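S.K.: The following file, model_20.pdb, comprises PDB, C-alpha atoms, pLDDT in the B column:
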```
ATOM      1  CA  MET A  17     -14.960  -0.955   0.195  1.00 92.00           C
ATOM      2  CA  LEU A  18     -16.840   1.688  -1.746  1.00 93.00           C
ATOM      3  CA  ASP A  19     -15.805   0.050  -5.022  1.00 92.00           C
ATOM      4  CA  ARG A  20     -17.151  -3.326  -3.816  1.00 93.00           C
ATOM      5  CA  VAL A  21     -20.467  -1.783  -2.765  1.00 96.00           C
ATOM      6  CA  HIS A  22     -20.825  -0.026  -6.119  1.00 95.00           C
ATOM      7  CA  ALA A  23     -19.906  -3.218  -8.014  1.00 93.00           C
ATOM      8  CA  CYS A  24     -22.650  -5.165  -6.218  1.00 95.00           C
ATOM      9  CA  ALA A  25     -25.194  -2.297  -6.471  1.00 96.00           C
ATOM     10  CA  PRO A  26     -27.283  -3.220  -3.402  1.00 97.00           C
ATOM     11  CA  ARG A  27     -30.667  -1.605  -2.862  1.00 97.00           C
ATOM     12  CA  HIS A  28     -30.946  -2.332   0.891  1.00 98.00           C
ATOM     13  CA  LEU A  29     -27.728  -2.163   2.919  1.00 98.00           C
ATOM     14  CA  LEU A  30     -26.983  -2.686   6.627  1.00 98.00           C
ATOM     15  CA  ASP A  31     -23.739  -1.236   8.040  1.00 98.00           C
ATOM     16  CA  LEU A  32     -23.067  -3.504  11.015  1.00 98.00           C
ATOM     17  CA  GLY A  33     -21.197  -1.694  13.782  1.00 97.00           C
ATOM     18  CA  CYS A  34     -21.539   1.646  12.025  1.00 97.00           C
ATOM     19  CA  GLY A  35     -20.030   3.674  14.870  1.00 95.00           C
ATOM     20  CA  GLU A  36     -20.430   7.384  14.169  1.00 96.00           C
ATOM     21  CA  GLY A  37     -21.705   6.662  10.660  1.00 97.00           C
ATOM     22  CA  ARG A  38     -18.693   7.497   8.482  1.00 97.00           C
ATOM     23  CA  PHE A  39     -19.238   4.724   5.924  1.00 97.00           C
ATOM     24  CA  CYS A  40     -22.974   5.395   5.798  1.00 97.00           C
ATOM     25  CA  ARG A  41     -22.284   9.030   4.944  1.00 97.00           C
ATOM     26  CA  LEU A  42     -20.049   7.905   2.078  1.00 96.00           C
ATOM     27  CA  LEU A  43     -22.971   5.841   0.728  1.00 96.00           C
ATOM     28  CA  HIS A  44     -25.646   8.491   1.258  1.00 94.00           C
ATOM     29  CA  ASN A  45     -28.000   8.751  -1.753  1.00 93.00           C
ATOM     30  CA  LYS A  46     -26.317   5.763  -3.425  1.00 93.00           C
ATOM     31  CA  VAL A  47     -28.418   3.045  -1.761  1.00 95.00           C
ATOM     32  CA  GLU A  48     -32.224   2.984  -1.563  1.00 96.00           C
ATOM     33  CA  THR A  49     -32.359   1.807   2.076  1.00 97.00           C
ATOM     34  CA  LEU A  50     -29.305   2.525   4.210  1.00 98.00           C
ATOM     35  CA  VAL A  51     -29.244   1.485   7.873  1.00 98.00           C
ATOM     36  CA  GLY A  52     -26.430   1.791  10.399  1.00 98.00           C
ATOM     37  CA  LEU A  53     -26.554  -0.530  13.420  1.00 98.00           C
ATOM     38  CA  ASP A  54     -24.454  -0.051  16.557  1.00 97.00           C
ATOM     39  CA  PRO A  55     -24.776  -0.847  20.282  1.00 96.00           C
ATOM     40  CA  SER A  56     -23.257   2.471  21.451  1.00 94.00           C
ATOM     41  CA  PRO A  57     -25.762   5.263  22.202  1.00 96.00           C
ATOM     42  CA  ALA A  58     -22.979   7.880  22.152  1.00 94.00           C
ATOM     43  CA  LEU A  59     -21.740   6.841  18.706  1.00 95.00           C
ATOM     44  CA  LEU A  60     -25.291   6.592  17.346  1.00 97.00           C
ATOM     45  CA  ALA A  61     -26.040  10.108  18.614  1.00 97.00           C
ATOM     46  CA  LYS A  62     -23.007  11.383  16.657  1.00 96.00           C
ATOM     47  CA  ALA A  63     -24.126   9.405  13.600  1.00 97.00           C
ATOM     48  CA  ALA A  64     -27.673  10.775  13.756  1.00 96.00           C
ATOM     49  CA  GLU A  65     -26.329  14.305  14.222  1.00 97.00           C
ATOM     50  CA  ARG A  66     -24.239  13.963  11.060  1.00 96.00           C
ATOM     51  CA  GLY A  67     -26.976  12.163   9.106  1.00 95.00           C
ATOM     52  CA  GLY A  68     -26.756  10.106   5.940  1.00 93.00           C
ATOM     53  CA  ALA A  69     -28.757   7.043   6.975  1.00 97.00           C
ATOM     54  CA  GLN A  70     -31.260   5.587   9.396  1.00 97.00           C
ATOM     55  CA  PHE A  71     -29.383   4.695  12.602  1.00 98.00           C
ATOM     56  CA  VAL A  72     -30.613   1.942  14.916  1.00 98.00           C
ATOM     57  CA  ARG A  73     -29.349   0.750  18.273  1.00 98.00           C
ATOM     58  CA  GLY A  74     -28.715  -2.979  18.385  1.00 98.00           C
ATOM     59  CA  ARG A  75     -26.164  -5.743  18.555  1.00 97.00           C
ATOM     60  CA  ALA A  76     -24.910  -7.994  15.774  1.00 97.00           C
ATOM     61  CA  GLU A  77     -25.838 -11.035  17.876  1.00 98.00           C
ATOM     62  CA  ALA A  78     -29.543 -10.034  17.674  1.00 98.00           C
ATOM     63  CA  ILE A  79     -30.129  -7.832  14.614  1.00 98.00           C
ATOM     64  CA  PRO A  80     -33.518  -6.099  15.090  1.00 98.00           C
ATOM     65  CA  PHE A  81     -34.835  -6.690  11.559  1.00 98.00           C
ATOM     66  CA  VAL A  82     -36.954  -9.419  10.007  1.00 98.00           C
ATOM     67  CA  SER A  83     -35.344 -12.108   7.880  1.00 98.00           C
ATOM     68  CA  GLU A  84     -34.276 -11.265   4.324  1.00 97.00           C
ATOM     69  CA  THR A  85     -34.430  -7.483   4.855  1.00 97.00           C
ATOM     70  CA  PHE A  86     -31.104  -6.595   3.214  1.00 98.00           C
ATOM     71  CA  ASP A  87     -29.263  -7.540   0.044  1.00 96.00           C
ATOM     72  CA  MET A  88     -25.926  -6.438   1.541  1.00 97.00           C
ATOM     73  CA  VAL A  89     -24.488  -6.395   5.046  1.00 98.00           C
ATOM     74  CA  VAL A  90     -21.200  -4.555   5.582  1.00 97.00           C
ATOM     75  CA  ALA A  91     -18.856  -5.215   8.504  1.00 97.00           C
ATOM     76  CA  TYR A  92     -16.241  -2.471   8.238  1.00 95.00           C
ATOM     77  CA  LEU A  93     -13.689  -3.278  10.966  1.00 93.00           C
ATOM     78  CA  SER A  94     -16.486  -4.373  13.305  1.00 95.00           C
ATOM     79  CA  LEU A  95     -16.126  -8.187  13.459  1.00 95.00           C
ATOM     80  CA  LEU A  96     -13.185  -7.898  15.834  1.00 92.00           C
ATOM     81  CA  ASP A  97     -15.417  -6.053  18.342  1.00 91.00           C
ATOM     82  CA  ILE A  98     -18.080  -8.784  18.499  1.00 95.00           C
ATOM     83  CA  GLU A  99     -17.803 -11.276  21.345  1.00 94.00           C
ATOM     84  CA  GLY A 100     -20.647 -13.577  20.247  1.00 96.00           C
ATOM     85  CA  ILE A 101     -19.393 -13.961  16.696  1.00 97.00           C
ATOM     86  CA  GLU A 102     -21.187 -17.249  15.942  1.00 97.00           C
ATOM     87  CA  ALA A 103     -24.583 -15.735  16.837  1.00 98.00           C
ATOM     88  CA  ALA A 104     -23.710 -12.612  14.843  1.00 98.00           C
ATOM     89  CA  LEU A 105     -22.868 -14.633  11.730  1.00 98.00           C
ATOM     90  CA  ASP A 106     -26.159 -16.540  12.096  1.00 98.00           C
ATOM     91  CA  GLU A 107     -27.973 -13.202  12.250  1.00 98.00           C
ATOM     92  CA  ILE A 108     -26.164 -11.810   9.223  1.00 98.00           C
ATOM     93  CA  VAL A 109     -27.150 -14.836   7.149  1.00 97.00           C
ATOM     94  CA  ARG A 110     -30.740 -14.519   8.433  1.00 98.00           C
ATOM     95  CA  VAL A 111     -31.215 -10.860   7.455  1.00 98.00           C
ATOM     96  CA  LEU A 112     -29.651 -11.291   3.997  1.00 97.00           C
ATOM     97  CA  GLY A 113     -32.098 -11.980   1.214  1.00 95.00           C
ATOM     98  CA  PRO A 114     -31.501 -14.561  -1.543  1.00 94.00           C
ATOM     99  CA  GLY A 115     -28.301 -13.713  -3.395  1.00 94.00           C
ATOM    100  CA  GLY A 116     -27.345 -11.228  -0.671  1.00 96.00           C
ATOM    101  CA  ARG A 117     -23.727 -10.264  -0.051  1.00 96.00           C
ATOM    102  CA  PHE A 118     -21.689  -9.925   3.126  1.00 97.00           C
ATOM    103  CA  LEU A 119     -18.842  -7.447   2.653  1.00 96.00           C
ATOM    104  CA  ILE A 120     -16.092  -7.599   5.276  1.00 96.00           C
ATOM    105  CA  ALA A 121     -13.109  -5.348   5.972  1.00 93.00           C
ATOM    106  CA  ASN A 122     -11.106  -6.817   8.816  1.00 90.00           C
ATOM    107  CA  LEU A 123      -7.676  -6.446  10.347  1.00 84.00           C
ATOM    108  CA  THR A 124      -5.332  -9.233   9.395  1.00 82.00           C
ATOM    109  CA  GLY A 125      -4.946 -11.897  12.061  1.00 80.00           C
ATOM    110  CA  PHE A 126      -1.237 -11.166  12.176  1.00 78.00           C
ATOM    111  CA  ALA A 127      -2.060  -7.675  13.433  1.00 79.00           C
ATOM    112  CA  THR A 128      -4.677  -8.769  15.972  1.00 82.00           C
ATOM    113  CA  ALA A 129      -2.408 -11.530  17.362  1.00 82.00           C
ATOM    114  CA  SER A 130       0.671  -9.321  17.455  1.00 80.00           C
ATOM    115  CA  GLU A 131       2.207  -7.292  20.235  1.00 69.00           C
ATOM    116  CA  ILE A 132       1.964  -4.026  18.284  1.00 68.00           C
ATOM    117  CA  LYS A 133      -0.222  -2.354  20.919  1.00 63.00           C
ATOM    118  CA  ALA A 134       2.248  -3.341  23.639  1.00 62.00           C
ATOM    119  CA  GLY A 135       5.140  -1.684  21.814  1.00 64.00           C
ATOM    120  CA  GLY A 136       6.309  -5.003  20.372  1.00 66.00           C
ATOM    121  CA  TRP A 137       8.017  -3.473  17.342  1.00 73.00           C
ATOM    122  CA  ARG A 138      11.701  -4.214  16.882  1.00 77.00           C
ATOM    123  CA  ILE A 139      13.826  -2.168  14.510  1.00 79.00           C
ATOM    124  CA  LEU A 140      15.915  -4.322  12.161  1.00 84.00           C
ATOM    125  CA  PRO A 141      19.393  -3.439  10.843  1.00 88.00           C
ATOM    126  CA  ASP A 142      17.947  -2.706   7.375  1.00 86.00           C
ATOM    127  CA  GLY A 143      15.515  -0.152   8.837  1.00 81.00           C
ATOM    128  CA  GLY A 144      12.507  -2.469   8.653  1.00 82.00           C
ATOM    129  CA  ARG A 145      10.476  -3.461  11.671  1.00 79.00           C
ATOM    130  CA  GLU A 146       9.639  -6.853  13.133  1.00 82.00           C
ATOM    131  CA  ILE A 147       6.628  -7.753  15.254  1.00 81.00           C
ATOM    132  CA  VAL A 148       6.004 -10.702  17.516  1.00 81.00           C
ATOM    133  CA  VAL A 149       2.873 -12.767  16.876  1.00 84.00           C
ATOM    134  CA  ARG A 150       1.545 -15.085  19.580  1.00 82.00           C
ATOM    135  CA  ARG A 151      -1.375 -17.520  19.694  1.00 87.00           C
ATOM    136  CA  TYR A 152      -2.293 -16.889  16.039  1.00 88.00           C
ATOM    137  CA  LEU A 153      -4.500 -19.981  15.646  1.00 92.00           C
ATOM    138  CA  GLU A 154      -6.217 -19.466  19.017  1.00 92.00           C
ATOM    139  CA  PRO A 155      -9.159 -17.043  19.107  1.00 92.00           C
ATOM    140  CA  HIS A 156      -8.735 -14.760  22.110  1.00 91.00           C
ATOM    141  CA  ALA A 157      -9.645 -11.344  23.473  1.00 90.00           C
ATOM    142  CA  THR A 158      -7.314  -8.418  24.021  1.00 85.00           C
ATOM    143  CA  VAL A 159      -8.068  -5.108  25.676  1.00 84.00           C
ATOM    144  CA  ALA A 160      -7.090  -2.051  23.656  1.00 75.00           C
ATOM    145  CA  GLU A 161      -7.169   1.635  24.462  1.00 77.00           C
ATOM    146  CA  TRP A 162      -7.424   4.304  21.797  1.00 72.00           C
ATOM    147  CA  LYS A 163      -7.960   8.019  22.454  1.00 79.00           C
ATOM    148  CA  GLY A 164      -9.153   7.286  25.987  1.00 80.00           C
ATOM    149  CA  ILE A 165     -11.653   4.614  24.880  1.00 76.00           C
ATOM    150  CA  VAL A 166     -11.107   1.107  26.221  1.00 81.00           C
ATOM    151  CA  VAL A 167     -12.440  -1.719  24.032  1.00 81.00           C
ATOM    152  CA  THR A 168     -12.164  -5.482  23.891  1.00 87.00           C
ATOM    153  CA  ASN A 169     -10.955  -6.705  20.506  1.00 87.00           C
ATOM    154  CA  TRP A 170     -11.207 -10.334  19.423  1.00 91.00           C
ATOM    155  CA  HIS A 171      -8.408 -12.004  17.540  1.00 90.00           C
ATOM    156  CA  ARG A 172      -9.604 -14.733  15.199  1.00 93.00           C
ATOM    157  CA  PRO A 173      -7.492 -16.232  12.404  1.00 93.00           C
ATOM    158  CA  LEU A 174      -8.747 -16.024   8.832  1.00 92.00           C
ATOM    159  CA  SER A 175      -9.411 -19.777   8.893  1.00 93.00           C
ATOM    160  CA  PHE A 176     -11.951 -19.225  11.693  1.00 95.00           C
ATOM    161  CA  TYR A 177     -13.969 -16.747   9.643  1.00 94.00           C
ATOM    162  CA  MET A 178     -13.784 -18.836   6.468  1.00 95.00           C
ATOM    163  CA  THR A 179     -14.871 -22.019   8.245  1.00 96.00           C
ATOM    164  CA  GLU A 180     -17.755 -20.319  10.053  1.00 96.00           C
ATOM    165  CA  LEU A 181     -19.035 -18.568   6.920  1.00 96.00           C
ATOM    166  CA  LEU A 182     -18.769 -21.668   4.714  1.00 96.00           C
ATOM    167  CA  GLN A 183     -20.643 -23.704   7.334  1.00 97.00           C
ATOM    168  CA  ARG A 184     -23.487 -21.191   7.065  1.00 96.00           C
ATOM    169  CA  GLY A 185     -23.747 -21.625   3.303  1.00 95.00           C
ATOM    170  CA  MET A 186     -21.831 -18.503   2.326  1.00 95.00           C
ATOM    171  CA  LYS A 187     -19.592 -18.521  -0.740  1.00 94.00           C
ATOM    172  CA  LEU A 188     -16.435 -16.471  -1.244  1.00 93.00           C
ATOM    173  CA  THR A 189     -16.826 -14.370  -4.402  1.00 93.00           C
ATOM    174  CA  HIS A 190     -14.064 -11.787  -3.937  1.00 91.00           C
ATOM    175  CA  PHE A 191     -10.933 -11.438  -1.799  1.00 91.00           C
ATOM    176  CA  ASP A 192      -8.534  -8.533  -1.805  1.00 89.00           C
ATOM    177  CA  GLU A 193      -5.801  -6.937   0.255  1.00 83.00           C
ATOM    178  CA  PRO A 194      -4.739  -3.301   0.122  1.00 77.00           C
ATOM    179  CA  SER A 195      -1.453  -2.739  -1.630  1.00 74.00           C
ATOM    180  CA  VAL A 196       1.440  -1.179   0.256  1.00 65.00           C
ATOM    181  CA  PRO A 197       3.817   1.116  -1.639  1.00 62.00           C
ATOM    182  CA  HIS A 198       7.374  -0.163  -1.931  1.00 60.00           C
ATOM    183  CA  PRO A 199       9.579   1.356   0.800  1.00 56.00           C
ATOM    184  CA  GLU A 200      11.946   2.919  -1.748  1.00 58.00           C
ATOM    185  CA  ASN A 201       9.067   4.888  -3.256  1.00 52.00           C
ATOM    186  CA  SER A 202       7.414   6.085  -0.066  1.00 49.00           C
ATOM    187  CA  LYS A 203       7.771   6.690   3.627  1.00 47.00           C
ATOM    188  CA  GLU A 204       6.422   3.185   4.313  1.00 45.00           C
ATOM    189  CA  GLN A 205       8.782   0.675   5.869  1.00 44.00           C
ATOM    190  CA  ALA A 206       9.178  -3.040   5.237  1.00 46.00           C
ATOM    191  CA  TYR A 207       7.851  -5.414   7.879  1.00 44.00           C
ATOM    192  CA  THR A 208       8.606  -8.981   8.838  1.00 41.00           C
ATOM    193  CA  MET A 209       6.597 -11.161  11.174  1.00 40.00           C
ATOM    194  CA  ARG A 210       7.828 -13.963  13.362  1.00 44.00           C
ATOM    195  CA  PRO A 211       5.092 -16.324  14.681  1.00 45.00           C
ATOM    196  CA  ILE A 212       5.648 -17.576  18.225  1.00 46.00           C
ATOM    197  CA  ASN A 213       3.392 -20.031  20.072  1.00 41.00           C
TER     198      ASN A 213
END
```
Please express the file's structure as structure tokens.

M.R.:
Amino acid sequence: MLDRVHACAPRHLLDLGCGEGRFCRLLHNKVETLVGLDPSPALLAKAAERGGAQFVRGRAEAIPFVSETFDMVVAYLSLLDIEGIEAALDEIVRVLGPGGRFLIANLTGFATASEIKAGGWRILPDGGREIVVRRYLEPHATVAEWKGIVVTNWHRPLSFYMTELLQRGMKLTHFDEPSVPHPENSKEQAYTMRPIN
């Protein structure tokens, strides 16, 4: 994500769903205007305490900035937390200036539609693991708990995001996936997925 930001060299960047401001701190002094937006007062208080950007309370469905304010909007693992995604995408397009970029890091739909959180891993004879994927093409909410925090995550297949962004006039200019080391060369294990409807 940092490489993509540096390659695009934005002057005015909005980190949508910034949480406690980790990504903003990584960009501190590298962007002229750096704003983190989040609906959580507790997370924003942590972000402000740690510094690195201007932090604003607000929701993606109603971004509190005038049109064409930013030349980059970043959604770093935040799209899956947004219930009103269509309104949020409208807002992102609105606050981007001409030639602006929308940089997304998102969990793969196979992860968000899987039963990983419910302990749905199965160990295979070769030592790999298998997960069960249900309702992949159907956007739906799931409740997740992490370190005592309960959140609602939204599964949406990649086709949903692509269709919605293309309908709003966006154009895909870069797509990448993180590489996974080969199991023989690391402690990582091989995975297989079995879609079930």

S.K.: Have a look at atom CA of Leu123 of chain A and atom CA of Leu174 of chain A and let me know their distance in Å, one decimal.

M.R.: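 Computed distance, atom CA of Leu123 of chain A to atom CA of Leu174 of chain A, equals 9.8 Å.
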
S.K.: With only C-alpha atoms as the basis for distance, which of A:Arg27, A:His156, A:Arg151, A:His190 is at the shortest distance from Asn45 of chain A?

M.R.: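 Smallest separation from Asn45 of chain A among the options: A:Arg27.
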
S.K.: Near segment 65-74 of chain A, counting all atoms listed in the file, which residues have an atom at most 8 Å away, once you skip same-chain residues fewer than 4 positions from it, shown as an MDAnalysis selection string?

M.R.: chainID A and resid 37 40:41 43:45 50:57 60:61 78:80

S.K.: Write to file, as a tab-separated table (two decimals), in the frame of the given file, the residues of the selection just made, with C-alpha atoms.

M.R.:
```tsv
chain	number	residue	atom	x	y	z
A	37	GLY	CA	-21.70	6.66	10.66
A	40	CYS	CA	-22.97	5.40	5.80
A	41	ARG	CA	-22.28	9.03	4.94
A	43	LEU	CA	-22.97	5.84	0.73
A	44	HIS	CA	-25.65	8.49	1.26
A	45	ASN	CA	-28.00	8.75	-1.75
A	50	LEU	CA	-29.30	2.52	4.21
A	51	VAL	CA	-29.24	1.48	7.87
A	52	GLY	CA	-26.43	1.79	10.40
A	53	LEU	CA	-26.55	-0.53	13.42
A	54	ASP	CA	-24.45	-0.05	16.56
A	55	PRO	CA	-24.78	-0.85	20.28
A	56	SER	CA	-23.26	2.47	21.45
A	57	PRO	CA	-25.76	5.26	22.20
A	60	LEU	CA	-25.29	6.59	17.35
A	61	ALA	CA	-26.04	10.11	18.61
A	78	ALA	CA	-29.54	-10.03	17.67
A	79	ILE	CA	-30.13	-7.83	14.61
A	80	PRO	CA	-33.52	-6.10	15.09
```

S.K.: Which distance in Å separates atom CA of Arg110 of chain A and atom CA of Glu77 of chain A, to one decimal?

M.R.: 11.2 Å

S.K.: Out of A:Ala23, A:Ala103, A:Val47, A:Asp97, which residue has the shortest atom-to-atom distance to Val166 of chain A when counting all atoms listed in the file?

M.R.: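 Nearest to Val166 of chain A: A:Asp97.
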
S.K.: Check which residues satisfy the PyMOL selection byres ((chain A and resi 178-189) around 12) in the file shown, then give them as a PyMOL selection string.

M.R.: chain A and resi 20+24+101-110+112+114-120+172-177+190-192

S.K.: Output the residue selection produced by the PyMOL selection byres ((chain A and resi 92) around 8) on the file above, formatted as a ChimeraX atom specification.

M.R.: /A:31-34,90-91,93-95,119-122

S.K.: How many Å separate atom CA of Val111 of chain A from atom CA of Leu30 of chain A?

M.R.: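 Computing the Euclidean distance for atom CA of Val111 of chain A and atom CA of Leu30 of chain A yields 9.2 Å.
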
S.K.: From the set A:Ala63, A:Arg138, A:Trp170, A:His28, which residue has the shortest atom-to-atom contact distance to Tyr152 of chain A, counting all atoms listed in the file?

M.R.: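 Going through A:Ala63, A:Arg138, A:Trp170, A:His28 one by one, the smallest distance to Tyr152 of chain A is for A:Trp170.
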
S.K.: Write segment 170-180 of chain A as a PDB file, in the coordinates of the input, completed to all heavy atoms.

M.R.:
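Output file out.pdb is given in full below:
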```
ATOM      1  N   TRP A 170     -11.275  -8.875  19.502  1.00 91.00           N
ATOM      2  CA  TRP A 170     -11.207 -10.334  19.423  1.00 91.00           C
ATOM      3  C   TRP A 170     -10.331 -10.745  18.260  1.00 91.00           C
ATOM      4  O   TRP A 170     -10.623 -10.414  17.109  1.00 91.00           O
ATOM      5  CB  TRP A 170     -12.613 -10.915  19.271  1.00 91.00           C
ATOM      6  CG  TRP A 170     -13.390 -10.732  20.523  1.00 91.00           C
ATOM      7  CD1 TRP A 170     -14.114  -9.631  20.895  1.00 91.00           C
ATOM      8  CD2 TRP A 170     -13.465 -11.639  21.605  1.00 91.00           C
ATOM      9  NE1 TRP A 170     -14.634  -9.807  22.138  1.00 91.00           N
ATOM     10  CE2 TRP A 170     -14.260 -11.042  22.603  1.00 91.00           C
ATOM     11  CE3 TRP A 170     -12.935 -12.909  21.840  1.00 91.00           C
ATOM     12  CZ2 TRP A 170     -14.534 -11.669  23.808  1.00 91.00           C
ATOM     13  CZ3 TRP A 170     -13.221 -13.534  23.035  1.00 91.00           C
ATOM     14  CH2 TRP A 170     -14.001 -12.913  24.003  1.00 91.00           C
ATOM     15  N   HIS A 171      -9.243 -11.435  18.582  1.00 90.00           N
ATOM     16  CA  HIS A 171      -8.408 -12.004  17.540  1.00 90.00           C
ATOM     17  C   HIS A 171      -9.023 -13.326  17.108  1.00 90.00           C
ATOM     18  O   HIS A 171      -9.359 -14.181  17.923  1.00 90.00           O
ATOM     19  CB  HIS A 171      -6.985 -12.271  18.028  1.00 90.00           C
ATOM     20  CG  HIS A 171      -6.268 -13.242  17.126  1.00 90.00           C
ATOM     21  ND1 HIS A 171      -5.822 -12.883  15.874  1.00 90.00           N
ATOM     22  CD2 HIS A 171      -6.004 -14.561  17.262  1.00 90.00           C
ATOM     23  CE1 HIS A 171      -5.287 -13.951  15.303  1.00 90.00           C
ATOM     24  NE2 HIS A 171      -5.385 -14.978  16.116  1.00 90.00           N
ATOM     25  N   ARG A 172      -9.186 -13.467  15.791  1.00 93.00           N
ATOM     26  CA  ARG A 172      -9.604 -14.733  15.199  1.00 93.00           C
ATOM     27  C   ARG A 172      -8.837 -14.892  13.899  1.00 93.00           C
ATOM     28  O   ARG A 172      -8.783 -13.957  13.102  1.00 93.00           O
ATOM     29  CB  ARG A 172     -11.107 -14.732  14.926  1.00 93.00           C
ATOM     30  CG  ARG A 172     -11.941 -14.540  16.193  1.00 93.00           C
ATOM     31  CD  ARG A 172     -13.427 -14.420  15.886  1.00 93.00           C
ATOM     32  NE  ARG A 172     -14.187 -14.175  17.093  1.00 93.00           N
ATOM     33  CZ  ARG A 172     -14.698 -12.991  17.430  1.00 93.00           C
ATOM     34  NH1 ARG A 172     -14.551 -11.954  16.630  1.00 93.00           N
ATOM     35  NH2 ARG A 172     -15.374 -12.849  18.554  1.00 93.00           N
ATOM     36  N   PRO A 173      -8.227 -16.060  13.666  1.00 93.00           N
ATOM     37  CA  PRO A 173      -7.492 -16.232  12.404  1.00 93.00           C
ATOM     38  C   PRO A 173      -8.450 -16.269  11.224  1.00 93.00           C
ATOM     39  O   PRO A 173      -9.648 -16.542  11.373  1.00 93.00           O
ATOM     40  CB  PRO A 173      -6.776 -17.569  12.593  1.00 93.00           C
ATOM     41  CG  PRO A 173      -7.591 -18.303  13.594  1.00 93.00           C
ATOM     42  CD  PRO A 173      -8.199 -17.268  14.491  1.00 93.00           C
ATOM     43  N   LEU A 174      -7.928 -16.004  10.041  1.00 92.00           N
ATOM     44  CA  LEU A 174      -8.747 -16.024   8.832  1.00 92.00           C
ATOM     45  C   LEU A 174      -9.446 -17.364   8.661  1.00 92.00           C
ATOM     46  O   LEU A 174     -10.598 -17.419   8.221  1.00 92.00           O
ATOM     47  CB  LEU A 174      -7.875 -15.709   7.608  1.00 92.00           C
ATOM     48  CG  LEU A 174      -8.584 -15.635   6.271  1.00 92.00           C
ATOM     49  CD1 LEU A 174      -9.697 -14.594   6.278  1.00 92.00           C
ATOM     50  CD2 LEU A 174      -7.586 -15.336   5.162  1.00 92.00           C
ATOM     51  N   SER A 175      -8.794 -18.453   9.030  1.00 93.00           N
ATOM     52  CA  SER A 175      -9.411 -19.777   8.893  1.00 93.00           C
ATOM     53  C   SER A 175     -10.683 -19.881   9.727  1.00 93.00           C
ATOM     54  O   SER A 175     -11.642 -20.553   9.326  1.00 93.00           O
ATOM     55  CB  SER A 175      -8.424 -20.880   9.296  1.00 93.00           C
ATOM     56  OG  SER A 175      -8.015 -20.718  10.640  1.00 93.00           O
ATOM     57  N   PHE A 176     -10.738 -19.220  10.873  1.00 95.00           N
ATOM     58  CA  PHE A 176     -11.951 -19.225  11.693  1.00 95.00           C
ATOM     59  C   PHE A 176     -13.114 -18.615  10.918  1.00 95.00           C
ATOM     60  O   PHE A 176     -14.190 -19.201  10.814  1.00 95.00           O
ATOM     61  CB  PHE A 176     -11.722 -18.444  13.000  1.00 95.00           C
ATOM     62  CG  PHE A 176     -12.984 -18.232  13.790  1.00 95.00           C
ATOM     63  CD1 PHE A 176     -13.383 -19.166  14.730  1.00 95.00           C
ATOM     64  CD2 PHE A 176     -13.785 -17.125  13.575  1.00 95.00           C
ATOM     65  CE1 PHE A 176     -14.565 -18.990  15.443  1.00 95.00           C
ATOM     66  CE2 PHE A 176     -14.966 -16.933  14.284  1.00 95.00           C
ATOM     67  CZ  PHE A 176     -15.351 -17.873  15.225  1.00 95.00           C
ATOM     68  N   TYR A 177     -12.896 -17.418  10.377  1.00 94.00           N
ATOM     69  CA  TYR A 177     -13.969 -16.747   9.643  1.00 94.00           C
ATOM     70  C   TYR A 177     -14.402 -17.561   8.420  1.00 94.00           C
ATOM     71  O   TYR A 177     -15.602 -17.719   8.162  1.00 94.00           O
ATOM     72  CB  TYR A 177     -13.538 -15.343   9.209  1.00 94.00           C
ATOM     73  CG  TYR A 177     -13.420 -14.387  10.360  1.00 94.00           C
ATOM     74  CD1 TYR A 177     -12.183 -13.917  10.782  1.00 94.00           C
ATOM     75  CD2 TYR A 177     -14.551 -13.932  11.035  1.00 94.00           C
ATOM     76  CE1 TYR A 177     -12.081 -13.034  11.847  1.00 94.00           C
ATOM     77  CE2 TYR A 177     -14.456 -13.054  12.097  1.00 94.00           C
ATOM     78  CZ  TYR A 177     -13.213 -12.610  12.493  1.00 94.00           C
ATOM     79  OH  TYR A 177     -13.113 -11.735  13.547  1.00 94.00           O
ATOM     80  N   MET A 178     -13.441 -18.066   7.660  1.00 95.00           N
ATOM     81  CA  MET A 178     -13.784 -18.836   6.468  1.00 95.00           C
ATOM     82  C   MET A 178     -14.596 -20.076   6.831  1.00 95.00           C
ATOM     83  O   MET A 178     -15.612 -20.380   6.194  1.00 95.00           O
ATOM     84  CB  MET A 178     -12.527 -19.223   5.696  1.00 95.00           C
ATOM     85  CG  MET A 178     -11.846 -18.047   5.013  1.00 95.00           C
ATOM     86  SD  MET A 178     -12.924 -17.152   3.865  1.00 95.00           S
ATOM     87  CE  MET A 178     -13.323 -18.442   2.713  1.00 95.00           C
ATOM     88  N   THR A 179     -14.164 -20.815   7.832  1.00 96.00           N
ATOM     89  CA  THR A 179     -14.871 -22.019   8.245  1.00 96.00           C
ATOM     90  C   THR A 179     -16.289 -21.690   8.689  1.00 96.00           C
ATOM     91  O   THR A 179     -17.257 -22.337   8.269  1.00 96.00           O
ATOM     92  CB  THR A 179     -14.107 -22.731   9.377  1.00 96.00           C
ATOM     93  OG1 THR A 179     -12.812 -23.090   8.899  1.00 96.00           O
ATOM     94  CG2 THR A 179     -14.837 -23.969   9.859  1.00 96.00           C
ATOM     95  N   GLU A 180     -16.432 -20.682   9.533  1.00 96.00           N
ATOM     96  CA  GLU A 180     -17.755 -20.319  10.053  1.00 96.00           C
ATOM     97  C   GLU A 180     -18.693 -19.845   8.942  1.00 96.00           C
ATOM     98  O   GLU A 180     -19.873 -20.194   8.919  1.00 96.00           O
ATOM     99  CB  GLU A 180     -17.621 -19.237  11.134  1.00 96.00           C
ATOM    100  CG  GLU A 180     -16.933 -19.708  12.399  1.00 96.00           C
ATOM    101  CD  GLU A 180     -17.747 -20.729  13.181  1.00 96.00           C
ATOM    102  OE1 GLU A 180     -18.987 -20.639  13.200  1.00 96.00           O
ATOM    103  OE2 GLU A 180     -17.120 -21.623  13.789  1.00 96.00           O
TER     104      GLU A 180
END
```
